[in-house]
Amino acid sequence: MRERPTLAGNRLDLPSICDICNKPRSTGKHAACSRIRQQTKQAEWSAFMAEQAAKRLAKQERRRYGR
């Protein structure tokens with residue numbers, strides 16, 4: 001099981017201005033900002049992936065008992 005969804009799964013929610021350093025994302029390197037963002041979003045991603053797993057399990061249960 002993945003820790004995060006694939007990037008192609010949905011639209012990336014990245015604005016043109018970096019939310020960490022408040023500079024344009026198109027200029028300079030934002031590797032440090034990216035690491036900070038990943039650490040702060042970890043709880044949000046965990047909740048999202050748990051919700052996806054619950055949906056998948058519910059769908060399997062409906063298939064099993066629906067026939």
# chains A, B, ... in the order shown; residues from 1 in each chain; ligands from 1
call {"tool": "residues_around", "arguments": {"residues": "region 15-28 of chain A", "least_positions_apart": "4", "cutoff": "8 Å", "atoms": "only C-alpha atoms", "output": "VMD selection string"}}
result
chain A and resid 33 36 to 37
call {"tool": "atom_distance", "arguments": {"atom1": "CA of Lys55 (chain A)", "atom2": "CA of Arg35 (chain A)"}}
result
29.2 Å
call {"tool": "atom_distance", "arguments": {"atom1": "CA of Met49 (chain A)", "atom2": "CA of Arg64 (chain A)"}}
result
22.6 Å
